[in-house]
2 protein chains.
Amino acid sequence: MSDLLTYRAAGVDREAVGRALARADAAIRSTYTAAVVGGGGHFAGLYRLPAGSDLVLVASVDGVGTKALLLARAGRLDVAGRDAVVHGVNDVAVVGATPLLALDYVAGGDLDEDAVAAVIAGAAAACREEGVVLLGGETAQMPGVYRPGALDVAACVVGVVEAGRLCDGSAIRPTDAVIGLASSGLHTNGYSLVRAVLDRCGWTPDTVVEDLGGPLGEVLLHPHRSYRRALLALARTGWLRGAAHITGGGLPANVSRILPAGCRARVFSGSWPVPAVYHVLARAGRIPPQEMWATFNMGVGACAVVPADRAEAAVEICRAQDAPGWIIGEVVAGERGVDVV
Amino acid sequence: MSDLLTYRAAGVDREAVGRALARADAAIRSTYTAAVVGGGGHFAGLYRLPAGSDLVLVASVDGVGTKALLLARAGRLDVAGRDAVVHGVNDVAVVGATPLLALDYVAGGDLDEDAVAAVIAGAAAACREEGVVLLGGETAQMPGVYRPGALDVAACVVGVVEAGRLCDGSAIRPTDAVIGLASSGLHTNGYSLVRAVLDRCGWTPDTVVEDLGGPLGEVLLHPHRSYRRALLALARTGWLRGAAHITGGGLPANVSRILPAGCRARVFSGSWPVPAVYHVLARAGRIPPQEMWATFNMGVGACAVVPADRAEAAVEICRAQDAPGWIIGEVVAGERGVDVV
């Protein structure tokens, strides 16, 4: 228990992936045509449909990651299907688009009937709630690829938005307010680090941790919250200047993605209640604060940027759509980036 | 070497997945709206865009499966990215749709920089050739899920077709001809069974097998062929009544998917040259013929159904698009299904 836990110590080398993506960047961009809207870097890809249509296709693919291991052990693989769909729904909704369809992907070594059926049932339930059609999917059994009992769950979500209603952050300006919407737990990020903490402490999801007032699993297994209704309600008001889904990389990296040049966000870490689970994980794993902020959502699952004089009304609109939130920061003039203060 | 090898013996229980999908069917269908075209069962999902557009979105997700293990060992992970894209491109093109965009998904335990960069470079190269934008992707490092060195590669491909030009097989009638287009190898199907044969025989991809005239790996690692140009050229003639991508389940199962009620296909197995690799695998693994036909494409990677009097011209059109083929069968009146005779 003496040394610090970091993502790298948990077996994940994010820098290697970052270097690979940087190397692949030119190849990826070589496929771009005039149909690509913006220049990439959004939470979902944007593709303008051919002539005669004013619609932009918005497409995203996301996996549940190692959260699936905890869910499988807890017999809650329905949550894995649900999480994969909701992750994509949020990625599509942050640009103001309406998600239309999802495709699921389930792969494992010794996939059993119950596991596959549970994942798809969860994906379908989330689709129904989100007004999305579960249009297809792939189930792959791959002995030799997966560890025994392990499986991987991902989904692709596609939506549309009228080109004129696309909300890509370019309208954000200094003095705007940053609204944070409450997450429902860790969503799907940081679970390799969480597993390293559990291993180190000898904890299981059933371990009752005093500060949580109950078993760890209750927080760790909670499904990813959908922000679709809140974000699309904000988009309809015309106030929404940009929105970010807080996923891998945490609040600083994800809010940075939507800021235009010359805009910096200041996020006041004391402006919302950081849930106890993050304090528990930081203490148990001796995880440095910077690693915590770059890994976990810290209680904020999505951010919306609106003019300051609309901020309180925007929070009310989100609350009415079952997405409680707070004014957590402001946009200032400065180099593109985020300061958590 | 005494017992028969079957897919189940290779560690894959396709029936379990089939039962799971049957159990999930009602949940999947509960997400359907009036926007879903047909009733599922196509190679790609079909979704009619909202009012004001005549376009049907066509979406598919596919993985490369355990072929990725052989490709990784051979240092050819670019082929994995290429295969994932081309698989989806073919799934979209068989309904007469133009593929527009792809999203890649790369996951593994100890993903290294070179592996990820190679997969994405291969996916991007295939996208360029197919006129598809590589619009996004996800790269997931998941220690604890994958076996050391193993990785999984999948892609989602989305295309569009005008509703009136959708080619779903419903126009197929008795007397139509079935055209088979030559595959470029096993594509991405049957690799778990192939690995079981290799293990049993003590072979590696470098093993020179007499009947192949060279190392096994040359055939096993060959990229998936694209039929997009040939299929879309046929669609433009107005002759194309249905097309099938020959993937998991082989020729019988995949041709069955496009036949309307009252139509049966007779496929003449002597009407094209079944490549030597299939004879080698059947003999080495003592794989029963029915298992061979239900697992491998046997040299035919896609089928197109056209009126009999257009069949020879259709073969010429495909050949001109770099997709050699043969007239391999006919449609007869009968119960929906395929006889290989």
# chains A, B, ... in the order shown; residues from 1 in each chain; ligands from 1
>>> select_by_dssp(residues="region 3-181 of chain A", states="strand (DSSP E or B)", output="ChimeraX atom specification")
/A:36,38,40,45-48,55-63,98-108,133-141,146,151-162,177-181
>>> select_by_dssp(residues="region 80-319 of chain A", states="alpha helix (DSSP H)", output="number ranges by chain")
A: 80-93, 113-130, 191-201, 216-220, 228-237, 250-256, 276-285, 289-295, 311-319
>>> closest_atom_pairs(of="region 93-153 of chain A", to="region 25-43 of chain A", cutoff="10 Å", atoms="only C-alpha atoms", output="tab-separated table")
residue	atom	partner	partner_atom	distance
A:Ala93	CA	A:Phe43	CA	9.4
A:Val94	CA	A:Phe43	CA	7.6
A:Val95	CA	A:Phe43	CA	8.0
>>> closest_residue(among="B:Arg228, B:Thr139, B:Ala84, B:Gly190", to="Glu291 (chain B)", atoms="only C-alpha atoms")
B:Gly190
